[in-house]
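Q: Sharing a structure with you now.
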Amino acid sequence: MTLPSAPAPGLFIALEGGDGAGKSTQAALLTEMLAAAGHTVVRTREPGGTPVGEKLRSLVLDHGQGEIDARCEALIFAAARAAHTVQVIVPAVARGEIVVSDRYIDSSIAYQGAGRGLGTGEVQQLNEWATEGLWPDLTVLLDVSPEDGRSRRTASDAAEDRLESEPDGFHADIRRAFLALAAAHPERYLVLDAGLPAADLAAAVRGRVLGVLAARTATAGTATGPTAIGPTATAGDTAGSP
Ligand code: TMP
């Protein structure tokens with residue numbers, strides 16, 4: 001199968017999953033594949049992707065910044081996302097480019113809403129305000145258990161950041177919240193077992209992205225830009241409960 005070639009309508013793809021799921025590897029492979037097919041791809045990440053976002057990233061992830069309570073943490077992630085959306089994602093999609101973002105709103109709903117216990121609905125609302133309701137066209141969720149995620153992280157030399165170093169129970173709540181979001185909106189999610197070989201994951205992502213691109217190309221002229229309206233229902237504030 002060949003990829004629809006550029007120019008194609010812009011697309012916004014997010015990769016999500018627990019720490020150690022392998023998102024960065026898949027983001028790199030997807031970017032490579034799309035670029036080889038002639039698309040202009042903007043590979044970016046959250047928190048980050050803009051000068052202010054990268055500063056906020058250090059502030060919220062590095063140890064030793066003093067106390068950061070849950071609401072403050074949620075607001076920092078949302079502030080970084082507001083900048084990222086308006087400065088990077090929306091303009092790139094408007095130019096017809098493909099944005100591949102390592103994390104987006106789902107991470108806040110899962111980590112701050114469920115993990116920190118702020119409530120998935122409230123955190124979703126905060127982020128819909130911050131992004132003016134911008135949701136990805138496709139979210140790839142790499143599902144990983146807390147145990148596997150931790151062992152994959154500790155296999156690398158990098159020290160764990162503030163969120164990664166939380167206990168397994170925190171990461172289990174996050175995993176449930178991600179899965180609840182995907183189950184609520186299967187049409188815009190691809191859920192994959194992060195334990196599969198990277199090449200198999202890449203092939204599955206490729207197949208789904210091809211489908212979305214083909215649909216976009218077919219409707220070009222009637223559908224412009226990424227999905228502007230988010231889910232009508234939240235994942236529910238019980239997403240973090242057993
Ligand atoms: P990563 O980009 O290396 O995966 O690290 C980002 C960390 O920040 C990760 O532990 C997840 C966390 N995070 C949140 O808690 N909320 C968010 O909204 C985002 C984007 C990330």
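Labeling convention for the structure tokens: chains A, B, ... as they appear, residues from 1 per chain, ligands from 1 in order of appearance.
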Write out as JSON lines the residues of chain A that have any atom within 8 Å of an atom of ligand 1, one row each with the nearest atom pair and its distance in Å to one decimal, counting only C-alpha atoms and all ligand atoms, sorted by chain and then rising number.
A:
```
{"residue": "A:Gly18", "atom": "CA", "partner": "ligand 1", "partner_atom_place_in_ligand_line": "11 (C)", "distance": 7.2}
{"residue": "A:Asp19", "atom": "CA", "partner": "ligand 1", "partner_atom_place_in_ligand_line": "4 (O)", "distance": 5.6}
{"residue": "A:Gly20", "atom": "CA", "partner": "ligand 1", "partner_atom_place_in_ligand_line": "4 (O)", "distance": 7.7}
{"residue": "A:Lys23", "atom": "CA", "partner": "ligand 1", "partner_atom_place_in_ligand_line": "4 (O)", "distance": 7.7}
{"residue": "A:Arg45", "atom": "CA", "partner": "ligand 1", "partner_atom_place_in_ligand_line": "2 (O)", "distance": 6.5}
{"residue": "A:Glu46", "atom": "CA", "partner": "ligand 1", "partner_atom_place_in_ligand_line": "20 (C)", "distance": 4.5}
{"residue": "A:Pro47", "atom": "CA", "partner": "ligand 1", "partner_atom_place_in_ligand_line": "20 (C)", "distance": 4.7}
{"residue": "A:Arg57", "atom": "CA", "partner": "ligand 1", "partner_atom_place_in_ligand_line": "6 (C)", "distance": 7.9}
{"residue": "A:Val60", "atom": "CA", "partner": "ligand 1", "partner_atom_place_in_ligand_line": "8 (O)", "distance": 7.9}
{"residue": "A:Leu61", "atom": "CA", "partner": "ligand 1", "partner_atom_place_in_ligand_line": "8 (O)", "distance": 6.4}
{"residue": "A:Glu73", "atom": "CA", "partner": "ligand 1", "partner_atom_place_in_ligand_line": "15 (O)", "distance": 7.9}
{"residue": "A:Ala74", "atom": "CA", "partner": "ligand 1", "partner_atom_place_in_ligand_line": "16 (N)", "distance": 7.1}
{"residue": "A:Phe77", "atom": "CA", "partner": "ligand 1", "partner_atom_place_in_ligand_line": "18 (O)", "distance": 4.9}
{"residue": "A:Ala78", "atom": "CA", "partner": "ligand 1", "partner_atom_place_in_ligand_line": "18 (O)", "distance": 6.8}
{"residue": "A:Arg81", "atom": "CA", "partner": "ligand 1", "partner_atom_place_in_ligand_line": "20 (C)", "distance": 7.7}
{"residue": "A:Asp102", "atom": "CA", "partner": "ligand 1", "partner_atom_place_in_ligand_line": "2 (O)", "distance": 6.5}
{"residue": "A:Arg103", "atom": "CA", "partner": "ligand 1", "partner_atom_place_in_ligand_line": "20 (C)", "distance": 5.2}
{"residue": "A:Tyr104", "atom": "CA", "partner": "ligand 1", "partner_atom_place_in_ligand_line": "20 (C)", "distance": 5.4}
{"residue": "A:Ile105", "atom": "CA", "partner": "ligand 1", "partner_atom_place_in_ligand_line": "18 (O)", "distance": 6.0}
{"residue": "A:Asp106", "atom": "CA", "partner": "ligand 1", "partner_atom_place_in_ligand_line": "18 (O)", "distance": 7.1}
{"residue": "A:Ser107", "atom": "CA", "partner": "ligand 1", "partner_atom_place_in_ligand_line": "18 (O)", "distance": 4.4}
{"residue": "A:Ser108", "atom": "CA", "partner": "ligand 1", "partner_atom_place_in_ligand_line": "18 (O)", "distance": 3.4}
{"residue": "A:Ile109", "atom": "CA", "partner": "ligand 1", "partner_atom_place_in_ligand_line": "18 (O)", "distance": 7.2}
{"residue": "A:Ala110", "atom": "CA", "partner": "ligand 1", "partner_atom_place_in_ligand_line": "16 (N)", "distance": 7.5}
{"residue": "A:Tyr111", "atom": "CA", "partner": "ligand 1", "partner_atom_place_in_ligand_line": "15 (O)", "distance": 4.6}
{"residue": "A:Gln112", "atom": "CA", "partner": "ligand 1", "partner_atom_place_in_ligand_line": "15 (O)", "distance": 6.0}
{"residue": "A:Asp161", "atom": "CA", "partner": "ligand 1", "partner_atom_place_in_ligand_line": "10 (O)", "distance": 6.8}
{"residue": "A:Arg162", "atom": "CA", "partner": "ligand 1", "partner_atom_place_in_ligand_line": "10 (O)", "distance": 7.2}
{"residue": "A:Leu163", "atom": "CA", "partner": "ligand 1", "partner_atom_place_in_ligand_line": "10 (O)", "distance": 4.4}
{"residue": "A:Glu164", "atom": "CA", "partner": "ligand 1", "partner_atom_place_in_ligand_line": "10 (O)", "distance": 4.8}
```
Q: Please list as a VMD selection string every residue within 12 Å of A:Val144, counting only C-alpha atoms and excluding residues in the same chain fewer than 2 positions away.
A: chain A and resid 16 to 23 141 to 142 146 to 153 168 171 to 172 174 to 176 178 to 179 191 to 196
Q: Please save C-alpha atoms of the selected residues as an mmCIF file, in the first residue's frame.
A:
```cif
data_model
loop_
_atom_site.group_PDB
_atom_site.id
_atom_site.type_symbol
_atom_site.label_atom_id
_atom_site.label_comp_id
_atom_site.auth_asym_id
_atom_site.auth_seq_id
_atom_site.Cartn_x
_atom_site.Cartn_y
_atom_site.Cartn_z
ATOM 1 C CA GLU A 16 -0.085 8.700 24.662
ATOM 2 C CA GLY A 17 0.722 6.117 27.294
ATOM 3 C CA GLY A 18 2.323 5.512 30.639
ATOM 4 C CA ASP A 19 5.971 6.261 31.301
ATOM 5 C CA GLY A 20 8.179 3.692 29.565
ATOM 6 C CA ALA A 21 5.555 2.801 26.924
ATOM 7 C CA GLY A 22 7.874 3.593 24.010
ATOM 8 C CA LYS A 23 6.044 6.658 22.656
ATOM 9 C CA LEU A 141 -2.394 4.856 23.075
ATOM 10 C CA LEU A 142 0.513 2.561 23.909
ATOM 11 C CA PRO A 146 3.078 0.019 35.722
ATOM 12 C CA GLU A 147 5.524 -2.851 36.299
ATOM 13 C CA ASP A 148 6.604 -3.123 32.660
ATOM 14 C CA GLY A 149 6.820 0.651 32.338
ATOM 15 C CA ARG A 150 9.077 0.892 35.366
ATOM 16 C CA SER A 151 11.384 -1.899 34.255
ATOM 17 C CA ARG A 152 11.678 -0.354 30.788
ATOM 18 C CA ARG A 153 12.490 3.019 32.360
ATOM 19 C CA ASP A 168 2.972 1.834 40.896
ATOM 20 C CA HIS A 171 0.649 4.604 37.405
ATOM 21 C CA ALA A 172 -2.130 2.003 37.591
ATOM 22 C CA ILE A 174 -3.227 6.562 34.992
ATOM 23 C CA ARG A 175 -3.392 3.439 32.886
ATOM 24 C CA ARG A 176 -7.083 2.941 33.694
ATOM 25 C CA PHE A 178 -6.109 6.318 29.438
ATOM 26 C CA LEU A 179 -8.019 3.146 28.619
ATOM 27 C CA VAL A 191 -4.906 1.227 21.414
ATOM 28 C CA LEU A 192 -1.862 -1.030 21.186
ATOM 29 C CA ASP A 193 -0.071 -3.322 23.608
ATOM 30 C CA ALA A 194 3.228 -1.531 24.247
ATOM 31 C CA GLY A 195 4.892 -4.906 24.839
ATOM 32 C CA LEU A 196 4.718 -5.803 21.127
#
```
Q: Residues near A:Ala92, anyone? I mean within 12 Å using only C-alpha atoms, not counting same-chain ones fewer than 3 positions away, as a list in words.
A: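 Listed by chain and then number, they are Pro9, Gly10, Leu11, Phe12, His39, Thr40, Val41, Val42, Arg43, Thr44, His84, Thr85, Val86, Gln87, Val88, Ile89, Arg95, Gly96, Glu97, Ile98, Val99, Val100, Ser101, Gly225 and Pro226 of chain A.
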Q: Go through A:Ala130, A:Ala35, A:Leu210, A:Ala182 and flag the residue nearest A:Ala80, using only C-alpha atoms for the distances.
A: A:Ala130
Q: Please give the complete set of residues from stretch 41-171 of chain A that DSSP, run on the backbone, assigns to helix (DSSP H, G or I), formatted as a PDB file with C-alpha atoms, in the first residue's frame.
A:
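states_33.pdb, freshly written:
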```
ATOM      1  CA  PRO A  51      10.245  28.227  24.466  1.00  0.00           C
ATOM      2  CA  VAL A  52       7.814  28.874  27.319  1.00  0.00           C
ATOM      3  CA  GLY A  53       6.657  25.245  27.259  1.00  0.00           C
ATOM      4  CA  GLU A  54      10.215  23.932  27.609  1.00  0.00           C
ATOM      5  CA  LYS A  55      10.760  26.201  30.617  1.00  0.00           C
ATOM      6  CA  LEU A  56       7.523  24.989  32.160  1.00  0.00           C
ATOM      7  CA  ARG A  57       8.648  21.404  31.448  1.00  0.00           C
ATOM      8  CA  SER A  58      11.746  21.821  33.612  1.00  0.00           C
ATOM      9  CA  LEU A  59       9.716  23.539  36.293  1.00  0.00           C
ATOM     10  CA  VAL A  60       7.137  20.785  36.560  1.00  0.00           C
ATOM     11  CA  LEU A  61       9.291  17.687  35.945  1.00  0.00           C
ATOM     12  CA  ALA A  70      -1.718  19.041  42.327  1.00  0.00           C
ATOM     13  CA  ARG A  71      -3.669  22.089  41.114  1.00  0.00           C
ATOM     14  CA  CYS A  72      -0.507  24.043  40.459  1.00  0.00           C
ATOM     15  CA  GLU A  73       0.859  21.052  38.537  1.00  0.00           C
ATOM     16  CA  ALA A  74      -2.323  20.767  36.430  1.00  0.00           C
ATOM     17  CA  LEU A  75      -2.196  24.479  35.613  1.00  0.00           C
ATOM     18  CA  ILE A  76       1.463  24.339  34.570  1.00  0.00           C
ATOM     19  CA  PHE A  77       0.749  21.475  32.145  1.00  0.00           C
ATOM     20  CA  ALA A  78      -2.324  23.318  30.828  1.00  0.00           C
ATOM     21  CA  ALA A  79      -0.350  26.563  30.398  1.00  0.00           C
ATOM     22  CA  ALA A  80       2.355  24.768  28.431  1.00  0.00           C
ATOM     23  CA  ARG A  81      -0.363  23.160  26.314  1.00  0.00           C
ATOM     24  CA  ALA A  82      -2.087  26.479  25.602  1.00  0.00           C
ATOM     25  CA  ALA A  83       1.170  27.858  24.179  1.00  0.00           C
ATOM     26  CA  HIS A  84       1.859  24.668  22.256  1.00  0.00           C
ATOM     27  CA  THR A  85      -1.590  24.619  20.683  1.00  0.00           C
ATOM     28  CA  VAL A  86      -1.687  28.219  19.550  1.00  0.00           C
ATOM     29  CA  GLN A  87       1.983  28.585  18.574  1.00  0.00           C
ATOM     30  CA  VAL A  88       2.722  25.177  17.022  1.00  0.00           C
ATOM     31  CA  ILE A  89      -0.179  22.789  16.439  1.00  0.00           C
ATOM     32  CA  VAL A  90      -2.880  25.019  14.975  1.00  0.00           C
ATOM     33  CA  PRO A  91      -0.558  26.913  12.581  1.00  0.00           C
ATOM     34  CA  ALA A  92       1.069  23.679  11.332  1.00  0.00           C
ATOM     35  CA  VAL A  93      -2.260  21.990  10.676  1.00  0.00           C
ATOM     36  CA  ALA A  94      -3.490  25.142   8.936  1.00  0.00           C
ATOM     37  CA  ILE A 105      -4.619  16.456  26.779  1.00  0.00           C
ATOM     38  CA  ASP A 106      -5.106  12.797  27.677  1.00  0.00           C
ATOM     39  CA  SER A 107      -1.910  12.911  29.722  1.00  0.00           C
ATOM     40  CA  SER A 108      -3.345  15.656  31.923  1.00  0.00           C
ATOM     41  CA  ILE A 109      -6.664  13.856  32.295  1.00  0.00           C
ATOM     42  CA  ALA A 110      -4.842  10.653  33.257  1.00  0.00           C
ATOM     43  CA  TYR A 111      -1.965  11.995  35.404  1.00  0.00           C
ATOM     44  CA  GLN A 112      -3.557  15.012  37.082  1.00  0.00           C
ATOM     45  CA  GLY A 113      -7.219  14.002  36.850  1.00  0.00           C
ATOM     46  CA  ALA A 114      -6.886  10.360  37.858  1.00  0.00           C
ATOM     47  CA  GLY A 115      -3.345  10.018  39.235  1.00  0.00           C
ATOM     48  CA  THR A 120     -10.890  13.636  35.098  1.00  0.00           C
ATOM     49  CA  GLY A 121     -13.897  15.794  34.152  1.00  0.00           C
ATOM     50  CA  GLU A 122     -12.512  18.939  35.767  1.00  0.00           C
ATOM     51  CA  VAL A 123      -9.088  18.490  34.258  1.00  0.00           C
ATOM     52  CA  GLN A 124     -10.636  17.883  30.856  1.00  0.00           C
ATOM     53  CA  GLN A 125     -12.623  21.123  31.152  1.00  0.00           C
ATOM     54  CA  LEU A 126      -9.529  23.079  32.158  1.00  0.00           C
ATOM     55  CA  ASN A 127      -7.665  21.767  29.135  1.00  0.00           C
ATOM     56  CA  GLU A 128     -10.519  22.303  26.722  1.00  0.00           C
ATOM     57  CA  TRP A 129     -10.442  25.923  27.837  1.00  0.00           C
ATOM     58  CA  ALA A 130      -6.657  26.092  27.437  1.00  0.00           C
ATOM     59  CA  PRO A 146       3.078   0.019  35.722  1.00  0.00           C
ATOM     60  CA  GLU A 147       5.524  -2.851  36.299  1.00  0.00           C
ATOM     61  CA  ASP A 148       6.604  -3.123  32.660  1.00  0.00           C
ATOM     62  CA  GLY A 149       6.820   0.651  32.338  1.00  0.00           C
ATOM     63  CA  ARG A 150       9.077   0.892  35.366  1.00  0.00           C
ATOM     64  CA  SER A 151      11.384  -1.899  34.255  1.00  0.00           C
ATOM     65  CA  ARG A 152      11.678  -0.354  30.788  1.00  0.00           C
ATOM     66  CA  ARG A 153      12.490   3.019  32.360  1.00  0.00           C
ATOM     67  CA  THR A 154      15.061   1.669  34.757  1.00  0.00           C
ATOM     68  CA  ALA A 155      16.736  -0.185  31.868  1.00  0.00           C
ATOM     69  CA  ASP A 168       2.972   1.834  40.896  1.00  0.00           C
ATOM     70  CA  GLY A 169      -0.549   2.548  42.266  1.00  0.00           C
ATOM     71  CA  PHE A 170      -0.381   6.053  40.766  1.00  0.00           C
ATOM     72  CA  HIS A 171       0.649   4.604  37.405  1.00  0.00           C
TER      73      HIS A 171
END
```
Q: Of the candidates A:Leu134, A:Val205, A:Val212, A:Ala158, which shows the shortest atom-to-atom distance to A:Ala27, using only C-alpha atoms?
A: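 Among the listed residues, A:Val205 lies closest to A:Ala27.
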Q: Report as a PyMOL selection string all protein, DNA and RNA residues lying within 10 Å of A:Arg188, evaluated on only C-alpha atoms, omitting residues in the same chain fewer than 4 positions from it.
A: chain A and resi 13+135-140+182-184+212+227+231
Q: Generate a file of the selected residues that holds C-alpha atoms, formatted as a PDB file, in the first residue's frame.
A:
```pdb
ATOM      1  CA  ILE A  13      -1.771  12.894  15.817  1.00  0.00           C
ATOM      2  CA  TRP A 135      -8.543  17.455  20.043  1.00  0.00           C
ATOM      3  CA  PRO A 136      -6.290  15.253  17.907  1.00  0.00           C
ATOM      4  CA  ASP A 137      -7.634  13.582  14.779  1.00  0.00           C
ATOM      5  CA  LEU A 138      -6.033  10.388  16.063  1.00  0.00           C
ATOM      6  CA  THR A 139      -4.599   9.385  19.422  1.00  0.00           C
ATOM      7  CA  VAL A 140      -2.350   6.329  19.575  1.00  0.00           C
ATOM      8  CA  ALA A 182      -9.997   5.399  24.456  1.00  0.00           C
ATOM      9  CA  ALA A 183     -13.026   3.230  25.198  1.00  0.00           C
ATOM     10  CA  ALA A 184     -15.268   6.308  25.261  1.00  0.00           C
ATOM     11  CA  VAL A 212      -7.127   8.567   8.466  1.00  0.00           C
ATOM     12  CA  THR A 227     -11.150  18.183  14.943  1.00  0.00           C
ATOM     13  CA  PRO A 231     -15.613  14.472  23.232  1.00  0.00           C
TER      14      PRO A 231
END
```
Q: At a cut-off of 12 Å, using only C-alpha atoms, what residues contact A:Gly207? Leave out same-chain residues fewer than 4 positions from it and give the result as an mmCIF file with C-alpha atoms, in the first residue's frame.
A:
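Below you can see result-v6.cif, which holds the result:
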```cif
data_model
loop_
_atom_site.group_PDB
_atom_site.id
_atom_site.type_symbol
_atom_site.label_atom_id
_atom_site.label_comp_id
_atom_site.auth_asym_id
_atom_site.auth_seq_id
_atom_site.Cartn_x
_atom_site.Cartn_y
_atom_site.Cartn_z
ATOM 1 C CA MET A 1 0.000 0.000 0.000
ATOM 2 C CA THR A 2 1.331 3.483 -0.773
ATOM 3 C CA LEU A 3 0.780 6.573 1.286
ATOM 4 C CA LEU A 30 5.964 7.562 12.343
ATOM 5 C CA MET A 33 7.621 7.169 7.519
ATOM 6 C CA LEU A 34 5.455 10.221 6.822
ATOM 7 C CA VAL A 140 -2.350 6.329 19.575
ATOM 8 C CA LEU A 190 -5.773 3.281 18.336
ATOM 9 C CA ASP A 200 4.838 -4.441 14.789
ATOM 10 C CA LEU A 201 3.644 -1.360 16.631
ATOM 11 C CA ALA A 202 4.966 0.868 13.862
ATOM 12 C CA ALA A 203 3.131 -1.202 11.229
ATOM 13 C CA GLY A 211 -6.697 5.190 6.822
ATOM 14 C CA VAL A 212 -7.127 8.567 8.466
ATOM 15 C CA LEU A 213 -5.101 10.291 5.736
ATOM 16 C CA ALA A 214 -7.084 8.615 3.007
#
```
Q: Run DSSP on the backbone of this structure and report the residues of stretch 140-196 of chain A it assigns to strand (DSSP E or B), as a list in words.
A: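 In stretch 140-196 of chain A, DSSP puts these residues in strand (DSSP E or B): Val140, Leu141, Leu142, Asp143, Tyr189, Leu190, Val191, Leu192 and Asp193 of chain A.
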Q: Go ahead and save the picked residues with C-alpha atoms, as a compact mmCIF listing (two decimals), in the first residue's frame.
A:
```txt
# COMPACT_ATOMS: atom_id res chain seq x y z
CA VAL A 140 -2.35 6.33 19.58
CA LEU A 141 -2.39 4.86 23.07
CA LEU A 142 0.51 2.56 23.91
CA ASP A 143 -0.82 0.57 26.82
CA TYR A 189 -8.11 6.11 19.19
CA LEU A 190 -5.77 3.28 18.34
CA VAL A 191 -4.91 1.23 21.41
CA LEU A 192 -1.86 -1.03 21.19
CA ASP A 193 -0.07 -3.32 23.61
```
Q: Could you tell me how far atom CA of A:His185 sits from atom CA of A:Gly133, in Å to one decimal place?
A: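 These atoms are spaced 15.4 Å apart.
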Q: From the options A:Arg208, A:Gly66, A:Ala215, A:Ala198, which residue's atoms come nearest to A:Leu29, counting only C-alpha atoms?
A: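 Smallest separation from A:Leu29 among the options: A:Ala198.
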